[in-house]
>>> print(open('query_21.cif').read())   # mmCIF, C-alpha atoms
data_final
loop_
_atom_site.label_atom_id
_atom_site.label_comp_id
_atom_site.auth_asym_id
_atom_site.auth_seq_id
_atom_site.Cartn_x
_atom_site.Cartn_y
_atom_site.Cartn_z
CA MET A 1 -43.22 -21.04 7.18
CA LYS A 2 -44.75 -24.06 9.00
CA VAL A 3 -44.46 -23.94 12.80
CA ASN A 4 -44.14 -27.34 14.48
CA THR A 5 -42.01 -26.60 17.48
CA LEU A 6 -41.21 -23.79 19.89
CA ALA A 7 -37.94 -23.24 18.04
CA ASP A 8 -39.86 -22.76 14.81
CA LEU A 9 -42.06 -20.20 16.50
CA LYS A 10 -39.04 -18.28 17.80
CA ALA A 11 -37.46 -18.32 14.34
CA LEU A 12 -40.67 -17.02 12.80
CA LYS A 13 -40.89 -14.17 15.31
CA ARG A 14 -37.25 -13.29 14.70
CA ALA A 15 -37.76 -13.22 10.90
CA MET A 16 -40.86 -11.06 11.28
CA ALA A 17 -38.99 -8.67 13.56
CA GLU A 18 -36.12 -8.40 11.10
CA ARG A 19 -38.49 -7.74 8.21
CA ALA A 20 -40.31 -5.08 10.21
CA ALA A 21 -37.03 -3.43 11.12
CA ALA A 22 -35.90 -3.44 7.46
CA GLU A 23 -39.18 -1.92 6.34
CA ALA A 24 -38.89 0.75 9.03
CA ILE A 25 -35.36 1.62 7.86
CA GLN A 26 -36.55 1.83 4.25
CA ARG A 27 -39.43 4.11 5.18
CA GLU A 28 -37.11 6.35 7.18
CA ALA A 29 -34.68 6.55 4.23
CA GLN A 30 -37.54 7.52 1.90
CA ARG A 31 -38.70 10.14 4.39
CA GLN A 32 -35.22 11.62 4.67
CA ALA A 33 -34.88 11.68 0.87
CA GLU A 34 -38.19 13.50 0.52
CA LEU A 35 -37.12 16.04 3.17
CA GLN A 36 -33.87 16.58 1.33
CA ARG A 37 -35.70 17.23 -1.96
CA GLU A 38 -37.99 19.71 -0.24
CA ARG A 39 -35.03 21.54 1.33
CA GLU A 40 -33.27 21.74 -2.05
CA SER A 41 -36.44 22.98 -3.74
CA ARG A 42 -36.91 25.73 -1.12
CA LEU A 43 -33.24 26.69 -1.39
CA PHE A 44 -33.50 26.96 -5.20
CA ALA A 45 -36.69 29.00 -4.98
CA HIS A 46 -35.09 31.34 -2.45
CA ALA A 47 -32.00 31.79 -4.63
CA VAL A 48 -33.92 32.42 -7.87
CA GLY A 49 -36.75 34.47 -6.48
CA PRO A 50 -40.21 34.89 -8.01
CA VAL A 51 -40.50 33.49 -11.54
CA GLN A 52 -43.16 33.70 -14.20
CA ALA A 53 -43.79 31.17 -16.93
CA ILE A 54 -43.15 32.41 -20.48
CA ALA A 55 -46.17 32.36 -22.71
CA ASN A 56 -46.00 29.93 -25.62
CA PRO A 57 -44.64 31.99 -28.56
CA GLY A 58 -46.04 29.54 -31.06
CA ARG A 59 -42.64 28.52 -32.37
CA ILE A 60 -42.17 25.31 -34.26
CA ALA A 61 -39.02 23.39 -33.57
CA PRO A 62 -36.89 23.19 -36.74
CA ARG A 63 -36.64 19.80 -38.30
CA PRO A 64 -33.14 18.39 -38.48
CA VAL A 65 -31.69 18.45 -41.98
CA PRO A 66 -30.86 14.90 -43.01
CA VAL A 67 -27.23 14.34 -43.85
CA ALA A 68 -26.65 12.86 -47.27
CA PRO A 69 -25.34 9.34 -46.86
CA LEU A 70 -21.82 8.63 -48.03
CA PRO A 71 -21.75 6.32 -51.05
CA VAL A 72 -19.45 3.93 -49.23
CA GLN A 73 -20.48 0.85 -51.17
CA ARG A 74 -20.08 2.63 -54.49
CA GLN A 75 -16.60 3.78 -53.50
CA LEU A 76 -15.70 0.24 -52.47
CA ASP A 77 -17.04 -1.09 -55.77
CA GLU A 78 -15.05 1.46 -57.76
CA ALA A 79 -11.89 0.62 -55.83
CA SER A 80 -12.48 -3.07 -56.46
CA VAL A 81 -12.95 -2.49 -60.19
CA MET A 82 -9.83 -0.39 -60.30
CA ARG A 83 -7.78 -3.11 -58.60
CA GLU A 84 -9.06 -5.69 -61.05
CA ALA A 85 -8.48 -3.46 -64.08
CA LEU A 86 -4.83 -2.70 -63.34
CA SER A 87 -2.89 -5.94 -63.15
CA ASP A 88 0.63 -6.24 -61.80
CA ASP A 89 1.27 -9.20 -64.10
CA PHE A 90 0.34 -7.49 -67.36
CA ASP A 91 2.96 -8.23 -70.04
CA ILE A 92 3.55 -4.92 -71.81
CA GLU A 93 5.79 -6.55 -74.42
CA THR A 94 2.84 -8.45 -75.91
CA LEU A 95 0.80 -5.37 -76.74
CA LEU A 96 2.77 -2.14 -76.66
CA HIS A 97 5.74 -0.50 -78.27
CA THR A 98 8.35 0.21 -75.62
CA ASP A 99 12.01 1.13 -75.90
CA GLU A 100 15.09 1.56 -73.77
CA MET A 101 13.92 5.06 -72.85
CA LEU A 102 10.90 3.58 -71.04
CA SER A 103 8.52 5.28 -73.44
CA TYR A 104 5.24 4.11 -74.88
CA ARG A 105 2.86 5.23 -77.60
CA CYS A 106 -0.40 3.63 -78.52
CA PRO A 107 -0.77 2.14 -82.02
CA GLY A 108 -1.38 4.78 -84.66
CA LEU A 109 0.35 7.58 -82.77
CA GLY A 110 3.15 9.18 -84.78
CA PRO A 111 6.76 9.36 -83.53
CA ASP A 112 6.67 13.16 -83.76
CA VAL A 113 4.32 13.15 -80.77
CA MET A 114 6.90 11.23 -78.73
CA ARG A 115 9.60 13.67 -79.79
CA LYS A 116 7.56 16.67 -78.70
CA LEU A 117 6.70 14.94 -75.43
CA ARG A 118 10.40 14.33 -74.72
CA GLU A 119 11.28 17.90 -75.64
CA GLY A 120 8.71 19.31 -73.23
CA SER A 121 6.46 20.83 -75.88
CA TRP A 122 3.44 19.75 -73.84
CA SER A 123 2.85 21.80 -70.69
CA ILE A 124 2.49 19.62 -67.58
CA GLN A 125 -0.89 20.48 -66.09
CA ARG A 126 -0.93 18.30 -62.99
CA GLN A 127 1.13 15.68 -61.21
CA ILE A 128 0.84 12.86 -58.69
CA ASP A 129 3.58 11.71 -56.33
CA LEU A 130 3.39 8.02 -55.41
CA HIS A 131 6.34 8.08 -53.01
CA GLY A 132 5.75 6.20 -49.77
CA LEU A 133 2.57 4.45 -50.91
CA ARG A 134 2.05 0.71 -50.68
CA THR A 135 1.40 -1.14 -53.92
CA ASP A 136 -2.39 -1.25 -53.54
CA GLU A 137 -2.51 2.39 -52.48
CA ALA A 138 -0.34 3.47 -55.41
CA ARG A 139 -2.43 1.45 -57.89
CA GLU A 140 -5.71 3.00 -56.74
CA ALA A 141 -4.25 6.51 -56.46
CA LEU A 142 -2.79 6.37 -59.97
CA GLY A 143 -5.97 4.97 -61.52
CA ARG A 144 -8.09 7.63 -59.83
CA PHE A 145 -5.65 10.40 -60.82
CA ILE A 146 -5.62 9.41 -64.50
CA ARG A 147 -9.40 9.02 -64.64
CA GLU A 148 -10.09 12.39 -62.99
CA ALA A 149 -7.46 14.22 -65.06
CA HIS A 150 -9.03 12.88 -68.25
CA GLN A 151 -12.54 13.81 -67.08
CA GLN A 152 -11.31 17.36 -66.46
CA GLY A 153 -9.92 17.61 -69.98
CA LEU A 154 -6.23 17.62 -69.02
CA ARG A 155 -3.84 16.40 -71.69
CA CYS A 156 -0.39 16.21 -70.07
CA VAL A 157 0.39 15.07 -66.52
CA ARG A 158 3.41 13.86 -64.60
CA VAL A 159 3.60 10.68 -62.53
CA VAL A 160 6.38 10.63 -59.92
CA HIS A 161 7.19 7.05 -58.96
CA GLY A 162 10.74 7.45 -57.62
CA LYS A 163 13.92 5.72 -58.66
CA GLY A 164 13.55 2.82 -56.26
CA LEU A 165 16.79 3.54 -54.42
CA GLY A 166 15.13 2.86 -51.09
CA SER A 167 13.58 -0.44 -52.17
CA PRO A 168 15.02 -3.84 -51.17
CA GLY A 169 17.90 -4.60 -53.50
CA ARG A 170 17.60 -1.02 -54.83
CA MET A 171 15.20 -2.36 -57.46
CA PRO A 172 12.58 0.07 -58.83
CA VAL A 173 9.57 -2.10 -57.95
CA LEU A 174 6.99 0.69 -58.01
CA LYS A 175 8.48 2.16 -61.18
CA ASN A 176 8.05 -1.08 -63.12
CA ARG A 177 4.49 -1.50 -61.88
CA VAL A 178 3.56 2.05 -62.83
CA LEU A 179 4.62 1.26 -66.41
CA ARG A 180 2.33 -1.77 -66.45
CA TRP A 181 -0.56 0.12 -64.91
CA LEU A 182 -0.33 3.07 -67.30
CA VAL A 183 -0.37 1.00 -70.48
CA GLN A 184 -3.60 -0.62 -69.29
CA LYS A 185 -5.41 2.72 -69.00
CA ASN A 186 -7.50 3.63 -72.02
CA GLU A 187 -7.02 7.31 -71.23
CA VAL A 188 -3.25 7.07 -71.78
CA MET A 189 -1.94 7.70 -75.31
CA ALA A 190 1.78 7.88 -74.59
CA PHE A 191 4.38 8.43 -71.92
CA VAL A 192 8.10 9.13 -71.77
CA GLN A 193 10.67 9.34 -69.05
CA ALA A 194 10.74 12.85 -67.65
CA ARG A 195 13.56 15.24 -68.46
CA PRO A 196 16.17 15.72 -65.70
CA ALA A 197 14.58 19.01 -64.62
CA GLU A 198 11.20 17.27 -64.33
CA GLY A 199 12.29 14.26 -62.29
CA GLY A 200 14.41 12.24 -64.71
CA ALA A 201 14.34 8.50 -64.12
CA GLY A 202 12.03 8.97 -61.15
CA ALA A 203 9.07 10.28 -63.13
CA LEU A 204 7.05 9.89 -66.33
CA VAL A 205 5.36 12.50 -68.48
CA VAL A 206 2.01 11.12 -69.64
CA LEU A 207 -0.07 12.25 -72.61
CA LEU A 208 -3.83 11.68 -72.21
CA ARG A 209 -6.49 11.38 -74.86
CA SER A 210 -8.60 14.43 -75.55
CA GLY A 211 -12.05 14.45 -74.05
CA GLY A 212 -13.45 14.72 -70.53
CA ALA A 213 -15.55 17.63 -69.30
#
>>> encode(input="query_21.cif", output="structure tokens")
Amino acid sequence: MKVNTLADLKALKRAMAERAAAEAIQREAQRQAELQRERESRLFAHAVGPVQAIANPGRIAPRPVPVAPLPVQRQLDEASVMREALSDDFDIETLLHTDEMLSYRCPGLGPDVMRKLREGSWSIQRQIDLHGLRTDEAREALGRFIREAHQQGLRCVRVVHGKGLGSPGRMPVLKNRVLRWLVQKNEVMAFVQARPAEGGAGALVVLLRSGGA
């Protein structure tokens, strides 16, 4: 600060005095803090009493076991493939034999198989209930269920899709889509509407190809 006048000199002295006072306050605060730490250290030592350091036992800290990463990208890829493979717009009339009983059999499969399937000759080994699922959720859940059942060597499963009574216009939207999805699965050989005791119009009994595990 350049001093040209008496006023400048007074201002300089005042600034220096203020700085000195601030530094004195800071030093006093540091001194008080150090005294407080010493008092707390003495109080702790008095409360604990004499202590002795433990000799180094030579232990080695265990290394953390790495957690296997979740195959998130692979799961996303599989879900994407499944969505692409099962189309909502697939025209079942152009490829498959269907009838008024909402049944299907792949080409080359004899009618006696359908008859036995309707009569319940095949024991239902597992089922999936698609009630309450959104379309995308139901599509992925059904595709995964059929694939896993086939991999496990199951032959007969039940798919519960509901009768659509709670849908807008009381139209069985999910039911119709399940039919389209199933006929696009290579694992599916045939399906028929379930018997009344097995769900009736709200379910399908599905025959899978042999194979799997």
>>> residues_around(input="query_21.cif", residues="Leu133 in chain A", least_positions_apart="4", cutoff="12 Å", atoms="all atoms listed in the file", output="number ranges by chain")
A: 128-129, 137-142, 160-162, 173-174
>>> atom_distance(input="query_21.cif", atom1="CA of Asp136 in chain A", atom2="CA of Arg177 in chain A")
10.8 Å
>>> residues_around(input="query_21.cif", residues="range 121-127 of chain A", least_positions_apart="5", cutoff="8 Å", atoms="all atoms listed in the file", output="short mmCIF file (atom, residue, chain, number, x, y, z; two decimals) with C-alpha atoms, in the coordinates of the input")
data_model
loop_
_atom_site.label_atom_id
_atom_site.label_comp_id
_atom_site.auth_asym_id
_atom_site.auth_seq_id
_atom_site.Cartn_x
_atom_site.Cartn_y
_atom_site.Cartn_z
CA LYS A 116 7.56 16.67 -78.70
CA ALA A 149 -7.46 14.22 -65.06
CA LEU A 154 -6.23 17.62 -69.02
CA ARG A 155 -3.84 16.40 -71.69
CA CYS A 156 -0.39 16.21 -70.07
CA VAL A 157 0.39 15.07 -66.52
CA ARG A 158 3.41 13.86 -64.60
CA VAL A 159 3.60 10.68 -62.53
CA VAL A 160 6.38 10.63 -59.92
CA VAL A 205 5.36 12.50 -68.48
#
>>> atom_distance(input="query_21.cif", atom1="CA of Arg147 in chain A", atom2="CA of Gln184 in chain A")
12.2 Å
>>> closest_residue(input="query_21.cif", among="A:Leu12, A:Leu208, A:Ala20, A:Ala47", to="Arg105 in chain A", atoms="all atoms listed in the file")
A:Leu208
>>> closest_residue(input="query_21.cif", among="A:Leu35, A:Lys163, A:Phe145, A:Lys175", to="Val188 in chain A", atoms="all atoms listed in the file")
A:Phe145
>>> atom_distance(input="query_21.cif", atom1="CA of Met16 in chain A", atom2="CA of Ala33 in chain A")
25.7 Å
